[in-house]
Amino acid sequence: MNVLFLSEVTAANARNGAERTLREQVLGLGKRGHAVSVVTRAMAEDPRLAVSVDGATEHRYPFSRRNEVAFVLSSVVGSLRALNGAAVRHDFDATLIHQSLAGLGPIIFQRARARRWVYMCLSLAHEEYLSRNQPGKTPGERMLRRLNAYGRWWVERAVMRRCSRVIVMSDFMRKRVLAAHHIPESKLCLLPGAVDHRKFHPVADRASIRRQLGLPTDCMVLFTVRNLGPRMGLENLLRALNEQGEELRDVLVLIGGEGPLRPMLEGLIRNLDLTGRVRLLGFIPEEYLPRYYQAADLMLLPTAELEGFGLVTVEALACGTPVLGTPVGATPEILAQVDPVLLTEGHDPGAIAKGVWRLLRLFRERPEERIRLSSCGRRLVEETYTWDLHAEQLERILEENSTED
């Protein structure tokens, strides 16, 4: 097949879950013998308008951020121009849209250039926008926020309804898509996220990994890696550590990631007297990420809302690190397959504190339980959540019919 990806992120540099999913799908289909092209926005840190990603060509278009209208118009026009450049010699058997605005112009004005259109719903655009942008202080600001959210909802709905299939990564997202856009349920396909289980793997000597990272070897290490944004629940995690007080005194918490809430989290760490017990690591390059999972006794996922899948969950499990997660979004779908003990009772500080203390006490009193959870998590990943399996299932979805339904 000739396959086109339409996206707002790059496959060349995986700094977050959306980029990692795009890259792994591009590479996975390429390994299975398909010709792959990507059309996406230009990257501020890389002025090139065409790059190669392991044999796939990524075509990039410039766009404007002057205001919302200019952003939308330049994105639509840019994607159309880049599509014409990418498809100058051939049309496509299938086009996979990763973000709705990236696909709006092509699916409306260049629909004939692909025989099959599929939408990859990682999250709902308007929900993500609302979670990242809090209500303004003035009526005008609040109205603008609602209009921006509505615009994102409308674009995504228009694109989804024109696609023959909509892929979701969890049953949670399936229900959210049905509730938000009322598309026929028969259009939906469940394709879970995944992990490179060869790169993310267990190690026999965690103490050695800790020494490499400059971490102590004589205490419990808890790790989480998140975008430092409002829905991630990191402030609840910090308050949970404070709530337990002396019971978690010998615990070191590592928080990886960047985002707008970093100043707030820094202030909270100082105010709660957690300076010696919590480290904000900033962005962790992908090549170092497995080591942090491998070094940790426990991975934490304190999400407060909208966990569409959670690649970090399966990355940690692949490394043999048990994950304690809140019962939010798709997290229960993954962790309940390992053991329900890995789910907290809620996402508030008290529930997180109780869950952390329960598991750490279990690990101290019965070390074999951590070994069991580690083995169960790794086995689940190998059987269900590898990118090889993901690419195979994606290929079947794209080849399901040669023409639109």
# chains A, B, ... in the order shown; residues from 1 in each chain; ligands from 1
>>> closest_atom_pairs(of="range 116-194 of chain A", to="range 227-235 of chain A", cutoff="9 Å", atoms="only C-alpha atoms", output="tab-separated table")
residue	atom	partner	partner_atom	distance
A:Ser131	CA	A:Arg231	CA	6.3
A:Arg132	CA	A:Pro230	CA	6.4
A:Asn133	CA	A:Pro230	CA	8.8
A:Gln134	CA	A:Pro230	CA	8.8
>>> residues_around(residues="Glu19 in chain A", least_positions_apart="2", cutoff="12 Å", atoms="only C-alpha atoms", output="PyMOL selection string")
chain A and resi 7-17+21-26+40+98-99+122+286+311
>>> atom_distance(atom1="CA of Arg372 in chain A", atom2="CA of Tyr292 in chain A")
20.2 Å
>>> atom_distance(atom1="CA of Asp205 in chain A", atom2="CA of Leu360 in chain A")
19.2 Å
>>> select_by_dssp(residues="range 161-336 of chain A", states="helix (DSSP H, G or I)", output="MDAnalysis selection string")
chainID A and resid 161:162 171:181 185:187 206:213 230:232 234:248 262:271 289:295 311:318 331:336
>>> residues_around(residues="Asp218 in chain A", least_positions_apart="3", cutoff="12 Å", atoms="only C-alpha atoms", output="number ranges by chain")
A: 206-207, 210-211, 215, 221, 250-252, 297
>>> write_last_selection(atoms="N, CA and C atoms", output="PDB file, in the first residue's frame")
ATOM      1  N   ARG A 206      19.044  -3.334  39.631  1.00  0.00           N
ATOM      2  CA  ARG A 206      18.532  -1.970  39.687  1.00  0.00           C
ATOM      3  C   ARG A 206      19.514  -1.019  40.361  1.00  0.00           C
ATOM      4  N   ALA A 207      20.267  -1.532  41.315  1.00  0.00           N
ATOM      5  CA  ALA A 207      21.229  -0.683  42.025  1.00  0.00           C
ATOM      6  C   ALA A 207      22.266  -0.118  41.064  1.00  0.00           C
ATOM      7  N   ARG A 210      20.734   2.718  39.136  1.00  0.00           N
ATOM      8  CA  ARG A 210      20.618   3.909  39.995  1.00  0.00           C
ATOM      9  C   ARG A 210      21.956   4.631  40.112  1.00  0.00           C
ATOM     10  N   ARG A 211      23.035   3.879  40.259  1.00  0.00           N
ATOM     11  CA  ARG A 211      24.349   4.523  40.352  1.00  0.00           C
ATOM     12  C   ARG A 211      24.670   5.274  39.065  1.00  0.00           C
ATOM     13  N   LEU A 215      21.418   8.187  41.547  1.00  0.00           N
ATOM     14  CA  LEU A 215      20.317   8.035  42.485  1.00  0.00           C
ATOM     15  C   LEU A 215      20.753   7.199  43.679  1.00  0.00           C
ATOM     16  N   VAL A 221      12.457   4.220  45.456  1.00  0.00           N
ATOM     17  CA  VAL A 221      12.388   5.241  44.413  1.00  0.00           C
ATOM     18  C   VAL A 221      11.079   5.089  43.651  1.00  0.00           C
ATOM     19  N   ASP A 250      11.344   7.834  53.819  1.00  0.00           N
ATOM     20  CA  ASP A 250      12.498   7.230  53.146  1.00  0.00           C
ATOM     21  C   ASP A 250      12.233   6.969  51.666  1.00  0.00           C
ATOM     22  N   VAL A 251      11.305   7.733  51.096  1.00  0.00           N
ATOM     23  CA  VAL A 251      10.951   7.566  49.690  1.00  0.00           C
ATOM     24  C   VAL A 251      11.454   8.761  48.887  1.00  0.00           C
ATOM     25  N   LEU A 252      12.033   8.487  47.716  1.00  0.00           N
ATOM     26  CA  LEU A 252      12.442   9.538  46.780  1.00  0.00           C
ATOM     27  C   LEU A 252      11.526   9.480  45.568  1.00  0.00           C
ATOM     28  N   ASP A 297      11.328   1.517  42.011  1.00  0.00           N
ATOM     29  CA  ASP A 297      10.584   0.448  42.671  1.00  0.00           C
ATOM     30  C   ASP A 297       9.132   0.444  42.207  1.00  0.00           C
TER      31      ASP A 297
END
>>> atom_distance(atom1="CA of Ala70 in chain A", atom2="CA of Ala125 in chain A")
18.5 Å
>>> select_by_dssp(residues="range 26-267 of chain A", states="strand (DSSP E)", output="number ranges by chain")
A: 35-41, 50-53, 56-61, 94-97, 117-121, 165-168, 188-190, 220-225, 251-256
>>> write_last_selection(atoms="N, CA and C atoms", output="tab-separated table (two decimals), in the first residue's frame")
chain	number	residue	atom	x	y	z
A	35	ALA	N	4.79	1.70	1.37
A	35	ALA	CA	5.37	3.02	1.10
A	35	ALA	C	4.65	4.06	1.95
A	36	VAL	N	5.39	4.79	2.75
A	36	VAL	CA	4.78	5.68	3.74
A	36	VAL	C	5.25	7.11	3.53
A	37	SER	N	4.32	8.06	3.58
A	37	SER	CA	4.62	9.48	3.54
A	37	SER	C	3.90	10.16	4.71
A	38	VAL	N	4.46	11.28	5.16
A	38	VAL	CA	3.87	12.04	6.26
A	38	VAL	C	3.77	13.50	5.81
A	39	VAL	N	2.63	14.12	6.09
A	39	VAL	CA	2.46	15.56	5.91
A	39	VAL	C	2.16	16.16	7.28
A	40	THR	N	2.97	17.13	7.69
A	40	THR	CA	2.81	17.71	9.02
A	40	THR	C	3.25	19.17	9.01
A	41	ARG	N	3.07	19.85	10.14
A	41	ARG	CA	3.46	21.25	10.26
A	41	ARG	C	4.97	21.38	10.37
A	50	ALA	N	11.41	19.03	4.34
A	50	ALA	CA	11.32	17.62	3.96
A	50	ALA	C	12.45	16.87	4.66
A	51	VAL	N	12.09	15.81	5.37
A	51	VAL	CA	13.09	14.98	6.06
A	51	VAL	C	12.74	13.52	5.83
A	52	SER	N	13.74	12.66	6.00
A	52	SER	CA	13.52	11.22	5.88
A	52	SER	C	13.45	10.61	7.28
A	53	VAL	N	12.46	9.76	7.48
A	53	VAL	CA	12.30	9.03	8.74
A	53	VAL	C	12.38	7.55	8.42
A	56	ALA	N	10.77	6.73	5.13
A	56	ALA	CA	9.54	7.48	4.90
A	56	ALA	C	9.88	8.96	4.76
A	57	THR	N	9.20	9.65	3.86
A	57	THR	CA	9.44	11.08	3.67
A	57	THR	C	8.40	11.89	4.43
A	58	GLU	N	8.89	12.83	5.24
A	58	GLU	CA	8.00	13.72	5.99
A	58	GLU	C	8.03	15.09	5.33
A	59	HIS	N	6.88	15.50	4.78
A	59	HIS	CA	6.73	16.80	4.13
A	59	HIS	C	6.14	17.77	5.14
A	60	ARG	N	6.77	18.93	5.30
A	60	ARG	CA	6.32	19.90	6.30
A	60	ARG	C	5.88	21.19	5.64
A	61	TYR	N	4.88	21.83	6.23
A	61	TYR	CA	4.38	23.09	5.68
A	61	TYR	C	4.45	24.19	6.73
A	94	ALA	N	-4.43	4.51	1.36
A	94	ALA	CA	-5.05	4.85	2.64
A	94	ALA	C	-4.39	6.09	3.21
A	95	THR	N	-5.20	6.93	3.83
A	95	THR	CA	-4.70	8.10	4.55
A	95	THR	C	-5.14	7.99	6.00
A	96	LEU	N	-4.18	8.16	6.91
A	96	LEU	CA	-4.45	8.06	8.34
A	96	LEU	C	-4.26	9.45	8.96
A	97	ILE	N	-5.34	10.03	9.46
A	97	ILE	CA	-5.32	11.38	10.03
A	97	ILE	C	-5.09	11.28	11.53
A	117	TRP	N	-9.95	6.67	3.97
A	117	TRP	CA	-9.60	7.67	4.98
A	117	TRP	C	-9.92	7.11	6.36
A	118	VAL	N	-8.94	7.18	7.24
A	118	VAL	CA	-9.07	6.64	8.60
A	118	VAL	C	-8.62	7.71	9.58
A	119	TYR	N	-9.32	7.83	10.71
A	119	TYR	CA	-8.96	8.81	11.73
A	119	TYR	C	-8.40	8.10	12.95
A	120	MET	N	-7.26	8.58	13.45
A	120	MET	CA	-6.62	8.04	14.65
A	120	MET	C	-6.90	8.98	15.81
A	121	CYS	N	-7.81	8.58	16.70
A	121	CYS	CA	-8.23	9.46	17.80
A	121	CYS	C	-7.42	9.15	19.05
A	165	ARG	N	-13.30	4.77	8.96
A	165	ARG	CA	-13.01	4.15	10.24
A	165	ARG	C	-12.42	5.20	11.18
A	166	VAL	N	-12.69	5.04	12.48
A	166	VAL	CA	-12.09	5.85	13.52
A	166	VAL	C	-11.42	4.89	14.50
A	167	ILE	N	-10.11	5.03	14.66
A	167	ILE	CA	-9.36	4.16	15.56
A	167	ILE	C	-9.26	4.81	16.93
A	168	VAL	N	-9.56	4.05	17.97
A	168	VAL	CA	-9.37	4.50	19.35
A	168	VAL	C	-8.44	3.51	20.05
A	188	LEU	N	-15.99	2.41	14.56
A	188	LEU	CA	-14.90	2.44	15.54
A	188	LEU	C	-14.10	1.14	15.55
A	189	CYS	N	-12.78	1.29	15.63
A	189	CYS	CA	-11.86	0.16	15.75
A	189	CYS	C	-10.99	0.38	16.98
A	190	LEU	N	-10.83	-0.65	17.81
A	190	LEU	CA	-9.98	-0.56	18.99
A	190	LEU	C	-8.59	-1.06	18.65
A	220	MET	N	13.45	3.65	48.77
A	220	MET	CA	12.47	3.36	47.73
A	220	MET	C	12.42	4.53	46.74
A	221	VAL	N	12.46	4.22	45.46
A	221	VAL	CA	12.39	5.24	44.41
A	221	VAL	C	11.08	5.09	43.65
A	222	LEU	N	10.30	6.17	43.63
A	222	LEU	CA	9.07	6.23	42.86
A	222	LEU	C	9.28	7.17	41.68
A	223	PHE	N	8.70	6.82	40.53
A	223	PHE	CA	8.96	7.59	39.32
A	223	PHE	C	7.65	7.85	38.58
A	224	THR	N	7.54	9.03	38.02
A	224	THR	CA	6.48	9.32	37.08
A	224	THR	C	7.02	10.25	36.01
A	225	VAL	N	6.51	10.12	34.80
A	225	VAL	CA	6.91	11.01	33.70
A	225	VAL	C	5.64	11.47	33.01
A	251	VAL	N	11.31	7.73	51.10
A	251	VAL	CA	10.95	7.57	49.69
A	251	VAL	C	11.45	8.76	48.89
A	252	LEU	N	12.03	8.49	47.72
A	252	LEU	CA	12.44	9.54	46.78
A	252	LEU	C	11.53	9.48	45.57
A	253	VAL	N	10.90	10.60	45.23
A	253	VAL	CA	9.99	10.67	44.09
A	253	VAL	C	10.65	11.47	42.97
A	254	LEU	N	10.70	10.88	41.80
A	254	LEU	CA	11.28	11.51	40.61
A	254	LEU	C	10.14	11.84	39.64
A	255	ILE	N	10.07	13.09	39.22
A	255	ILE	CA	9.04	13.53	38.28
A	255	ILE	C	9.72	14.03	37.01
A	256	GLY	N	9.53	13.32	35.91
A	256	GLY	CA	10.08	13.73	34.63
A	256	GLY	C	9.05	14.46	33.80
>>> residues_around(residues="Arg239 in chain A", least_positions_apart="6", cutoff="10 Å", atoms="only C-alpha atoms", output="list of chain:residue names")
A:Gly245, A:Leu268, A:Ile269, A:Leu272, A:Leu274, A:Asp348, A:Pro349, A:Gly350, A:Ile352, A:Ala353
>>> write_last_selection(atoms="C-alpha atoms", output="CSV table (one decimal), in the first residue's frame")
chain,number,residue,atom,x,y,z
A,245,GLY,CA,4.4,12.3,56.5
A,268,LEU,CA,4.2,23.3,46.2
A,269,ILE,CA,7.3,21.2,46.9
A,272,LEU,CA,5.1,21.1,51.7
A,274,LEU,CA,9.3,18.0,50.2
A,348,ASP,CA,-7.5,12.6,45.4
A,349,PRO,CA,-4.4,13.0,47.6
A,350,GLY,CA,-5.8,10.7,50.3
A,352,ILE,CA,-3.1,8.2,46.2
A,353,ALA,CA,-1.4,8.3,49.6
>>> closest_residue(among="A:Val278, A:Val195, A:Leu29, A:Leu241", to="Tyr385 in chain A", atoms="only C-alpha atoms")
A:Val195
